[in-house]
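To be precise, the following lines are structure.pdb, and they hold PDB, C-alpha atoms.
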```pdb
ATOM      1  CA  MET V   1      -8.564 -15.259  19.339
ATOM      2  CA  SER V   2     -11.430 -13.292  17.808
ATOM      3  CA  ASP V   3     -12.883 -16.442  16.267
ATOM      4  CA  GLU V   4     -12.851 -17.954  19.726
ATOM      5  CA  GLY V   5     -14.669 -14.999  21.251
ATOM      6  CA  TRP V   6     -11.899 -12.732  22.515
ATOM      7  CA  ARG V   7     -11.537  -9.095  21.624
ATOM      8  CA  LEU V   8      -8.163  -7.369  21.891
ATOM      9  CA  VAL V   9      -8.527  -4.509  24.346
ATOM     10  CA  ARG V  10      -5.032  -3.263  25.033
ATOM     11  CA  VAL V  11      -1.454  -4.019  24.078
ATOM     12  CA  GLY V  12       1.738  -3.411  26.010
ATOM     13  CA  LYS V  13       5.376  -4.034  25.165
ATOM     14  CA  LEU V  14       5.083  -7.700  26.065
ATOM     15  CA  SER V  15       1.391  -8.104  26.822
ATOM     16  CA  TYR V  16      -1.963  -8.400  25.092
ATOM     17  CA  GLU V  17      -5.192  -7.904  27.029
ATOM     18  CA  PHE V  18      -8.474  -9.453  25.863
ATOM     19  CA  GLU V  19     -12.134  -9.307  26.858
ATOM     20  CA  PRO V  20     -14.936 -11.712  25.910
ATOM     21  CA  CYS V  21     -16.960 -10.971  22.791
ATOM     22  CA  PRO V  22     -19.220 -12.929  20.421
ATOM     23  CA  PRO V  23     -17.048 -15.308  18.317
ATOM     24  CA  GLY V  24     -15.934 -13.707  15.086
ATOM     25  CA  ALA V  25     -17.325 -10.288  16.012
ATOM     26  CA  TYR V  26     -14.095  -8.517  15.189
ATOM     27  CA  ARG V  27     -11.376  -8.841  12.600
ATOM     28  CA  TYR V  28      -7.794  -7.727  12.858
ATOM     29  CA  ARG V  29      -4.963  -6.729  10.609
ATOM     30  CA  VAL V  30      -1.387  -5.840  11.504
ATOM     31  CA  ASP V  31       0.186  -3.012   9.522
ATOM     32  CA  PHE V  32       3.858  -2.088   9.344
ATOM     33  CA  VAL V  33       4.379   1.685   9.623
ATOM     34  CA  GLY V  34       7.974   1.788  10.866
ATOM     35  CA  HIS V  35       9.111   3.582   7.725
ATOM     36  CA  LEU V  36       6.745   6.530   8.212
ATOM     37  CA  PRO V  37       7.685   9.703  10.081
ATOM     38  CA  ALA V  38       5.765  10.315  13.321
ATOM     39  CA  GLY V  39       3.530  12.971  11.718
ATOM     40  CA  ARG V  40       2.519  10.680   8.857
ATOM     41  CA  GLN V  41       1.838   7.834  11.296
ATOM     42  CA  LYS V  42      -0.492  10.158  13.203
ATOM     43  CA  ASP V  43      -2.304  11.134   9.960
ATOM     44  CA  TYR V  44      -2.666   7.482   9.003
ATOM     45  CA  ARG V  45      -4.075   6.581  12.414
ATOM     46  CA  SER V  46      -6.578   9.459  12.068
ATOM     47  CA  LEU V  47      -7.676   8.177   8.667
ATOM     48  CA  LEU V  48      -8.133   4.659  10.022
ATOM     49  CA  ARG V  49     -10.267   6.008  12.872
ATOM     50  CA  GLU V  50     -12.321   8.069  10.390
ATOM     51  CA  LEU V  51     -13.020   4.811   8.546
ATOM     52  CA  GLY V  52     -14.419   3.376  11.763
ATOM     53  CA  TYR V  53     -11.459   1.214  12.716
ATOM     54  CA  ARG V  54      -9.899   0.937  16.147
ATOM     55  CA  VAL V  55      -6.147   1.331  16.149
ATOM     56  CA  MET V  56      -3.444   0.252  18.587
ATOM     57  CA  SER V  57       0.272   0.982  18.197
ATOM     58  CA  LYS V  58       2.710  -1.806  18.918
ATOM     59  CA  ASN V  59       6.478  -2.079  19.193
ATOM     60  CA  LEU V  60       8.362  -4.213  16.689
ATOM     61  CA  ASN V  61      11.348  -4.734  18.976
ATOM     62  CA  LEU V  62      11.706  -5.049  22.724
ATOM     63  CA  ASN V  63      13.217  -1.843  23.987
ATOM     64  CA  TRP V  64      12.585   0.359  27.007
ATOM     65  CA  SER V  65      13.810   3.878  26.417
ATOM     66  CA  ALA V  66      12.930   7.538  26.543
ATOM     67  CA  GLY V  67      14.523  10.343  24.587
ATOM     68  CA  HIS V  68      15.949   7.680  22.315
ATOM     69  CA  VAL V  69      16.828   8.535  18.695
ATOM     70  CA  ARG V  70      17.606   5.877  16.134
ATOM     71  CA  PHE V  71      18.809   6.287  12.566
ATOM     72  CA  ARG V  72      16.839   4.166  10.081
ATOM     73  CA  PRO V  73      18.431   4.520   6.637
ATOM     74  CA  TRP V  74      15.724   2.331   5.122
ATOM     75  CA  ALA V  75      12.820   4.576   6.214
ATOM     76  CA  LYS V  76      11.002   7.308   4.321
ATOM     77  CA  GLY V  77      12.000  10.968   4.529
ATOM     78  CA  ALA V  78      11.903  12.264   8.114
ATOM     79  CA  GLY V  79      11.177   8.716   9.243
ATOM     80  CA  LYS V  80      14.901   8.029   8.908
ATOM     81  CA  LEU V  81      15.212   9.527  12.365
ATOM     82  CA  SER V  82      12.954   7.635  14.709
ATOM     83  CA  ALA V  83      12.604   9.054  18.204
ATOM     84  CA  SER V  84      10.929   8.152  21.451
ATOM     85  CA  PRO V  85       8.452   9.647  22.059
ATOM     86  CA  GLY V  86       7.458   9.602  18.410
ATOM     87  CA  SER V  87       7.642   6.768  15.946
ATOM     88  CA  PHE V  88      10.122   4.619  17.890
ATOM     89  CA  ASN V  89       8.531   1.550  19.438
ATOM     90  CA  ARG V  90       5.399   2.215  17.373
ATOM     91  CA  GLU V  91       6.407   0.392  14.219
ATOM     92  CA  LEU V  92       3.253  -1.687  14.021
ATOM     93  CA  LEU V  93      -0.439  -0.866  13.998
ATOM     94  CA  ILE V  94      -3.028  -3.400  15.077
ATOM     95  CA  VAL V  95      -6.214  -2.422  13.265
ATOM     96  CA  GLU V  96      -9.586  -3.718  14.424
ATOM     97  CA  LYS V  97     -12.908  -3.549  12.619
ATOM     98  CA  GLU V  98     -16.305  -5.008  13.340
ATOM     99  CA  ASN V  99     -16.892  -8.054  11.217
ATOM    100  CA  ASP V 100     -19.503  -7.033   8.646
ATOM    101  CA  GLY V 101     -18.615  -9.784   6.199
ATOM    102  CA  ALA V 102     -16.879  -7.392   3.803
ATOM    103  CA  PRO V 103     -13.256  -8.057   2.815
ATOM    104  CA  PHE V 104     -10.740  -6.484   5.171
ATOM    105  CA  GLU V 105      -7.393  -5.730   3.596
ATOM    106  CA  LEU V 106      -5.392  -2.580   4.235
ATOM    107  CA  HIS V 107      -3.155  -2.725   1.189
ATOM    108  CA  THR V 108      -4.870  -3.615  -2.066
ATOM    109  CA  ALA V 109      -3.297  -1.534  -4.845
ATOM    110  CA  PRO V 110      -0.290  -3.242  -6.505
ATOM    111  CA  GLU V 111       1.911  -0.146  -6.368
ATOM    112  CA  ASP V 112       1.092   0.344  -2.699
ATOM    113  CA  LEU V 113       1.832  -3.312  -1.921
ATOM    114  CA  ARG V 114       5.202  -3.077  -3.674
ATOM    115  CA  GLU V 115       6.147  -0.054  -1.598
ATOM    116  CA  TYR V 116       4.855  -1.714   1.565
ATOM    117  CA  TYR V 117       7.066  -4.763   1.063
ATOM    118  CA  ARG V 118       9.967  -2.686  -0.231
ATOM    119  CA  TYR V 119      10.386  -0.817   3.077
ATOM    120  CA  GLN V 120      10.180  -4.026   5.083
ATOM    121  CA  ARG V 121      12.659  -5.685   2.752
ATOM    122  CA  ASN V 122      15.060  -2.754   3.158
ATOM    123  CA  MET V 123      14.663  -2.829   6.940
ATOM    124  CA  TYR V 124      15.595  -6.505   7.179
ATOM    125  CA  ALA V 125      18.309  -6.157   4.527
ATOM    126  CA  THR V 126      19.962  -3.360   6.544
ATOM    127  CA  THR V 127      20.050  -5.537   9.655
ATOM    128  CA  ALA V 128      21.243  -8.547   7.668
ATOM    129  CA  LEU V 129      24.075  -6.563   6.083
ATOM    130  CA  LEU V 130      25.099  -5.052   9.424
ATOM    131  CA  GLY V 131      25.047  -8.517  10.969
ATOM    132  CA  LEU V 132      27.181  -9.826   8.135
ATOM    133  CA  ALA V 133      29.654  -6.947   8.498
ATOM    134  CA  PHE V 134      30.000  -7.537  12.240
ATOM    135  CA  ALA V 135      30.366 -11.278  11.638
ATOM    136  CA  LEU V 136      33.197 -10.738   9.149
ATOM    137  CA  VAL V 137      35.027  -8.356  11.501
ATOM    138  CA  LEU V 138      34.699 -10.763  14.423
ATOM    139  CA  PHE V 139      35.769 -13.777  12.364
ATOM    140  CA  TYR V 140      38.774 -11.755  11.210
ATOM    141  CA  GLN V 141      39.584 -11.094  14.854
ATOM    142  CA  GLU V 142      39.125 -14.836  15.522
ATOM    143  CA  ALA V 143      36.164 -14.194  17.820
ATOM    144  CA  ILE V 144      34.366 -17.264  16.499
ATOM    145  CA  ALA V 145      31.442 -17.303  18.930
ATOM    146  CA  GLY V 146      30.591 -13.663  18.350
ATOM    147  CA  GLY V 147      31.094 -13.981  14.614
ATOM    148  CA  THR V 148      28.830 -17.002  14.470
ATOM    149  CA  ALA V 149      26.124 -15.217  16.446
ATOM    150  CA  PHE V 150      26.123 -12.286  14.042
ATOM    151  CA  ALA V 151      26.238 -14.616  11.059
ATOM    152  CA  VAL V 152      23.149 -16.390  12.351
ATOM    153  CA  LEU V 153      21.456 -13.013  12.850
ATOM    154  CA  ALA V 154      22.349 -12.075   9.272
ATOM    155  CA  VAL V 155      20.834 -15.292   7.942
ATOM    156  CA  LEU V 156      17.681 -14.932  10.054
ATOM    157  CA  CYS V 157      17.182 -11.369   8.818
ATOM    158  CA  GLY V 158      17.887 -12.518   5.292
ATOM    159  CA  LEU V 159      14.852 -14.803   5.284
ATOM    160  CA  PRO V 160      12.281 -11.974   5.475
ATOM    161  CA  VAL V 161      14.216 -10.200   2.702
ATOM    162  CA  VAL V 162      13.626 -13.190   0.438
ATOM    163  CA  TRP V 163       9.976 -13.351   1.459
ATOM    164  CA  CYS V 164       9.420  -9.631   0.808
ATOM    165  CA  ARG V 165      11.072  -9.877  -2.611
ATOM    166  CA  LYS V 166       8.794 -12.796  -3.448
ATOM    167  CA  ARG V 167       5.713 -10.801  -2.431
ATOM    168  CA  MET V 168       6.923  -7.812  -4.434
ATOM    169  CA  GLY V 169       7.319 -10.035  -7.469
ATOM    170  CA  GLU V 170       3.756 -11.330  -7.052
ATOM    171  CA  THR V 171       2.382  -7.789  -7.287
ATOM    172  CA  GLN V 172       3.866  -7.255 -10.764
TER     173      GLN V 172
ATOM    174  CA  MET I 173       0.087   7.193 -13.760
ATOM    175  CA  THR I 174      -1.517   4.125 -12.187
ATOM    176  CA  GLU I 175      -5.229   3.520 -12.368
ATOM    177  CA  VAL I 176      -5.651   3.928  -8.610
ATOM    178  CA  THR I 177      -3.778   7.237  -8.582
ATOM    179  CA  PHE I 178      -5.869   8.536 -11.463
ATOM    180  CA  PHE I 179      -9.174   7.573  -9.856
ATOM    181  CA  VAL I 180      -8.191   9.085  -6.509
ATOM    182  CA  LEU I 181      -7.158  12.258  -8.347
ATOM    183  CA  LEU I 182     -10.548  12.307 -10.053
ATOM    184  CA  ALA I 183     -12.292  11.693  -6.724
ATOM    185  CA  VAL I 184     -10.797  14.832  -5.188
ATOM    186  CA  HIS I 185     -12.048  17.040  -8.001
ATOM    187  CA  ALA I 186     -14.760  17.704  -5.420
ATOM    188  CA  PRO I 187     -13.885  18.099  -1.706
ATOM    189  CA  ARG I 188     -13.973  14.631  -0.211
ATOM    190  CA  HIS I 189     -12.722  12.968   2.935
ATOM    191  CA  GLY I 190     -10.993   9.609   2.941
ATOM    192  CA  TYR I 191     -14.056   7.388   3.254
ATOM    193  CA  ALA I 192     -15.868   9.330   0.540
ATOM    194  CA  VAL I 193     -12.884   8.871  -1.801
ATOM    195  CA  MET I 194     -12.943   5.143  -1.111
ATOM    196  CA  GLN I 195     -16.679   4.929  -1.860
ATOM    197  CA  PHE I 196     -16.366   7.119  -4.962
ATOM    198  CA  VAL I 197     -13.692   4.889  -6.494
ATOM    199  CA  GLU I 198     -15.613   1.709  -5.706
ATOM    200  CA  GLU I 199     -18.895   3.052  -7.112
ATOM    201  CA  ARG I 200     -17.408   4.533 -10.272
ATOM    202  CA  THR I 201     -15.564   1.300 -11.088
ATOM    203  CA  ALA I 202     -18.607  -0.856 -10.237
ATOM    204  CA  GLY I 203     -16.716  -2.557  -7.425
ATOM    205  CA  ARG I 204     -13.663  -3.404  -9.549
ATOM    206  CA  LEU I 205     -11.337  -1.164  -7.532
ATOM    207  CA  ARG I 206     -11.684  -1.543  -3.795
ATOM    208  CA  LEU I 207      -9.150   0.513  -1.926
ATOM    209  CA  GLY I 208      -7.790  -0.706   1.355
ATOM    210  CA  ALA I 209      -7.163   1.980   3.959
ATOM    211  CA  GLY I 210      -3.405   1.692   3.532
ATOM    212  CA  SER I 211      -3.579   2.017  -0.238
ATOM    213  CA  LEU I 212      -5.997   4.937   0.100
ATOM    214  CA  TYR I 213      -3.666   6.734   2.494
ATOM    215  CA  GLY I 214      -0.694   6.061   0.227
ATOM    216  CA  ALA I 215      -2.502   7.387  -2.834
ATOM    217  CA  ILE I 216      -3.765  10.542  -1.114
ATOM    218  CA  SER I 217      -0.353  11.205   0.464
ATOM    219  CA  ALA I 218       1.334  10.823  -2.906
ATOM    220  CA  LEU I 219      -1.059  13.357  -4.461
ATOM    221  CA  VAL I 220      -0.448  15.841  -1.655
ATOM    222  CA  GLU I 221       3.339  15.365  -1.855
ATOM    223  CA  LYS I 222       3.311  16.039  -5.590
ATOM    224  CA  GLY I 223       1.132  19.109  -5.137
ATOM    225  CA  TRP I 224      -1.744  17.614  -7.131
ATOM    226  CA  ALA I 225      -4.135  17.781  -4.168
ATOM    227  CA  ALA I 226      -4.276  19.639  -0.884
ATOM    228  CA  ALA I 227      -5.891  19.004   2.475
ATOM    229  CA  LEU I 228      -8.574  21.542   3.278
ATOM    230  CA  GLU I 229      -8.455  23.367   6.570
ATOM    231  CA  GLU I 230      -9.854  21.098   9.245
ATOM    232  CA  GLN I 231     -12.975  22.286  10.961
ATOM    233  CA  ASP I 232     -13.871  21.069  14.422
ATOM    234  CA  GLY I 233     -15.385  17.631  14.395
ATOM    235  CA  ARG I 234     -15.274  17.288  10.635
ATOM    236  CA  LYS I 235     -13.241  14.740   8.761
ATOM    237  CA  LYS I 236     -10.227  15.977   6.844
ATOM    238  CA  GLU I 237     -11.163  16.688   3.224
ATOM    239  CA  TYR I 238      -8.986  16.870   0.156
ATOM    240  CA  LEU I 239      -9.351  18.906  -3.017
ATOM    241  CA  VAL I 240      -7.478  18.896  -6.307
ATOM    242  CA  THR I 241      -5.109  21.793  -7.007
ATOM    243  CA  ASN I 242      -4.723  23.612 -10.333
ATOM    244  CA  LEU I 243      -1.634  21.544 -11.018
ATOM    245  CA  GLY I 244      -3.625  18.407 -10.259
ATOM    246  CA  ARG I 245      -6.328  19.440 -12.725
ATOM    247  CA  GLN I 246      -3.707  19.953 -15.422
ATOM    248  CA  VAL I 247      -2.158  16.583 -14.709
ATOM    249  CA  ALA I 248      -5.568  14.869 -14.802
ATOM    250  CA  GLN I 249      -6.379  16.555 -18.100
ATOM    251  CA  ALA I 250      -3.035  15.465 -19.561
ATOM    252  CA  GLU I 251      -3.648  11.908 -18.433
ATOM    253  CA  LEU I 252      -7.135  11.936 -19.959
ATOM    254  CA  GLU I 253      -5.681  13.084 -23.272
ATOM    255  CA  ARG I 254      -3.012  10.402 -23.078
ATOM    256  CA  LEU I 255      -5.679   7.745 -22.505
ATOM    257  CA  HIS I 256      -7.771   9.068 -25.407
ATOM    258  CA  GLY I 257      -4.704   8.818 -27.629
ATOM    259  CA  LEU I 258      -4.010   5.302 -26.380
ATOM    260  CA  VAL I 259      -7.556   4.140 -27.131
ATOM    261  CA  SER I 260      -7.491   5.736 -30.572
ATOM    262  CA  THR I 261      -4.146   4.129 -31.454
ATOM    263  CA  ALA I 262      -5.262   0.742 -30.140
ATOM    264  CA  GLU I 263      -8.470   0.856 -32.194
ATOM    265  CA  GLN I 264      -6.494   1.759 -35.301
ATOM    266  CA  ILE I 265      -3.985  -1.050 -34.797
ATOM    267  CA  MET I 266      -6.672  -3.637 -34.190
ATOM    268  CA  GLU I 267      -8.604  -2.502 -37.242
ATOM    269  CA  GLU I 268      -5.463  -2.769 -39.376
ATOM    270  CA  ALA I 269      -4.711  -6.203 -37.956
ATOM    271  CA  GLU I 270      -8.240  -7.407 -38.748
ATOM    272  CA  HIS I 271      -7.952  -6.029 -42.280
ATOM    273  CA  GLU I 272      -4.560  -7.706 -42.718
ATOM    274  CA  GLU I 273      -6.036 -10.987 -41.442
ATOM    275  CA  ASP I 274      -8.806 -10.791 -44.087
ATOM    276  CA  ILE I 275      -6.220 -10.244 -46.831
ATOM    277  CA  GLN I 276      -4.179 -13.251 -45.583
ATOM    278  CA  VAL I 277      -7.294 -15.461 -45.663
ATOM    279  CA  LEU I 278      -8.108 -14.386 -49.225
ATOM    280  CA  ARG I 279      -4.519 -15.066 -50.329
ATOM    281  CA  ARG I 280      -4.514 -18.552 -48.769
ATOM    282  CA  PHE I 281      -7.938 -19.444 -50.122
ATOM    283  CA  PRO I 282      -8.272 -17.782 -53.565
ATOM    284  CA  GLY I 283     -11.546 -19.625 -54.144
ATOM    285  CA  VAL I 284     -13.110 -17.652 -51.328
ATOM    286  CA  ALA I 285     -12.401 -14.399 -53.142
ATOM    287  CA  GLY I 286     -14.129 -15.701 -56.247
ATOM    288  CA  ALA I 287     -17.150 -16.956 -54.306
ATOM    289  CA  LEU I 288     -17.488 -13.651 -52.531
ATOM    290  CA  ALA I 289     -17.243 -11.740 -55.778
ATOM    291  CA  GLU I 290     -20.033 -13.872 -57.332
ATOM    292  CA  GLN I 291     -22.276 -13.215 -54.335
ATOM    293  CA  LEU I 292     -21.691  -9.481 -54.590
ATOM    294  CA  VAL I 293     -22.556  -9.528 -58.271
TER     295      VAL I 293
END
```

Can you give me the file's structure in the form of structure tokens?
Amino acid sequence: MSDEGWRLVRVGKLSYEFEPCPPGAYRYRVDFVGHLPAGRQKDYRSLLRELGYRVMSKNLNLNWSAGHVRFRPWAKGAGKLSASPGSFNRELLIVEKENDGAPFELHTAPEDLREYYRYQRNMYATTALLGLAFALVLFYQEAIAGGTAFAVLAVLCGLPVVWCRKRMGETQ
Amino acid sequence: MTEVTFFVLLAVHAPRHGYAVMQFVEERTAGRLRLGAGSLYGAISALVEKGWAAALEEQDGRKKEYLVTNLGRQVAQAELERLHGLVSTAEQIMEEAEHEEDIQVLRRFPGVAGALAEQLV
């Protein structure tokens, strides 16, 4: 969109708002921060703003809630409890910078990249394993349709696990 | 300790905010190490978690700065000594290997030893 002359102005749960800009004036990166506790996410956003970037938080899943608390065993420290308001529904950051021709990557150090992919791998692996567990229980109860649905979910969540492991291997 | 961690630890031996740390590392490595914002945040957070660096009290309008702690200085010093030892050992090994290679050449080509001896005389 930026290459075509559209700048991202605002994001909602299901919407993205753009305004015209010179083609290629801005560059974007999407960062996964779902594993970080709310306080650390806030610190990270502050650092990004200090570096001159514009930052927008975005939900990973589609969920309308308030006062919601979710347990994330794959997250880091206090991030294992994700609440709304807080870190819930703010798992992604869309980071914008003015295009000055310099490289724009958020994660460059190998050890940082490994950790970055490790949390995403664990997130998808948790969902895949839960899906598999539900599938097995439902198949056992001869609920074939339900079991199949969860099995498909498990496989779909397994694909990003494979991809993350591949990326982790490339950083070695 | 990784290279990035070590350089970030060195960078905060003087009070520096995030962007200054990024520039410091890039300048001191002649552009070889360019830290992305995510990697920078990860490295600084790791130092603070381990107690090797601390965030200075924020003053209005000023960027958050970080400074090495006494523990961080000790760790940096220990790492420097480890690297010195590594370089010294590596130089020794390579010198021995070169010397061993010379001996192997002389053993395989005895005529060379004689020719060299005549030249020295």

Reference answer for the PyMOL selection byres ((chain V) within 6 of (chain I)), as a list in words | Leu51, Glu105, Leu106, His107, Thr108, Ala109 and Asp112 of chain V

Enter the distance from atom CA of Gly77 of chain V to atom CA of Gly39 of chain V, in Å, rounded to one decimal.
->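 These two atoms are separated by 11.3 Å.
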
Run through the PyMOL selection byres ((chain V and resi 134-136) around 10) on the given coordinates and return the selected residues as a list of chain:residue names.
->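 Against this file, the PyMOL selection byres ((chain V and resi 134-136) around 10) returns the residues V:Ala128, V:Leu129, V:Leu130, V:Gly131, V:Leu132, V:Ala133, V:Val137, V:Leu138, V:Phe139, V:Tyr140, V:Gln141, V:Glu142, V:Ala143, V:Ile144, V:Ala145, V:Gly146, V:Gly147, V:Thr148, V:Ala149, V:Phe150, V:Ala151, V:Val152, V:Leu153, V:Ala154.
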
Hey, can you spit out that residue selection with C-alpha atoms as a PDB file, in the frame of the given file?
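Written output follows (result.pdb):
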```pdb
ATOM      1  CA  ALA V 128      21.243  -8.547   7.668  1.00  0.00           C
ATOM      2  CA  LEU V 129      24.075  -6.563   6.083  1.00  0.00           C
ATOM      3  CA  LEU V 130      25.099  -5.052   9.424  1.00  0.00           C
ATOM      4  CA  GLY V 131      25.047  -8.517  10.969  1.00  0.00           C
ATOM      5  CA  LEU V 132      27.181  -9.826   8.135  1.00  0.00           C
ATOM      6  CA  ALA V 133      29.654  -6.947   8.498  1.00  0.00           C
ATOM      7  CA  VAL V 137      35.027  -8.356  11.501  1.00  0.00           C
ATOM      8  CA  LEU V 138      34.699 -10.763  14.423  1.00  0.00           C
ATOM      9  CA  PHE V 139      35.769 -13.777  12.364  1.00  0.00           C
ATOM     10  CA  TYR V 140      38.774 -11.755  11.210  1.00  0.00           C
ATOM     11  CA  GLN V 141      39.584 -11.094  14.854  1.00  0.00           C
ATOM     12  CA  GLU V 142      39.125 -14.836  15.522  1.00  0.00           C
ATOM     13  CA  ALA V 143      36.164 -14.194  17.820  1.00  0.00           C
ATOM     14  CA  ILE V 144      34.366 -17.264  16.499  1.00  0.00           C
ATOM     15  CA  ALA V 145      31.442 -17.303  18.930  1.00  0.00           C
ATOM     16  CA  GLY V 146      30.591 -13.663  18.350  1.00  0.00           C
ATOM     17  CA  GLY V 147      31.094 -13.981  14.614  1.00  0.00           C
ATOM     18  CA  THR V 148      28.830 -17.002  14.470  1.00  0.00           C
ATOM     19  CA  ALA V 149      26.124 -15.217  16.446  1.00  0.00           C
ATOM     20  CA  PHE V 150      26.123 -12.286  14.042  1.00  0.00           C
ATOM     21  CA  ALA V 151      26.238 -14.616  11.059  1.00  0.00           C
ATOM     22  CA  VAL V 152      23.149 -16.390  12.351  1.00  0.00           C
ATOM     23  CA  LEU V 153      21.456 -13.013  12.850  1.00  0.00           C
ATOM     24  CA  ALA V 154      22.349 -12.075   9.272  1.00  0.00           C
TER      25      ALA V 154
END
```

Sel. within 10 Å of pt (10.5, -2.5, 3.3), counting all atoms listed in the file, output as number ranges by chain | V: 32-35, 74-76, 114-125, 160-161, 164-165

On this file, the PyMOL selection byres ((chain V and resi 23) around 9) gives some set of residues; write that set as a PDB file with C-alpha atoms, in the coordinates of the input.
```
ATOM      1  CA  MET V   1      -8.564 -15.259  19.339  1.00  0.00           C
ATOM      2  CA  SER V   2     -11.430 -13.292  17.808  1.00  0.00           C
ATOM      3  CA  ASP V   3     -12.883 -16.442  16.267  1.00  0.00           C
ATOM      4  CA  GLU V   4     -12.851 -17.954  19.726  1.00  0.00           C
ATOM      5  CA  GLY V   5     -14.669 -14.999  21.251  1.00  0.00           C
ATOM      6  CA  TRP V   6     -11.899 -12.732  22.515  1.00  0.00           C
ATOM      7  CA  ARG V   7     -11.537  -9.095  21.624  1.00  0.00           C
ATOM      8  CA  PRO V  20     -14.936 -11.712  25.910  1.00  0.00           C
ATOM      9  CA  CYS V  21     -16.960 -10.971  22.791  1.00  0.00           C
ATOM     10  CA  PRO V  22     -19.220 -12.929  20.421  1.00  0.00           C
ATOM     11  CA  GLY V  24     -15.934 -13.707  15.086  1.00  0.00           C
ATOM     12  CA  ALA V  25     -17.325 -10.288  16.012  1.00  0.00           C
ATOM     13  CA  TYR V  26     -14.095  -8.517  15.189  1.00  0.00           C
TER      14      TYR V  26
END
```
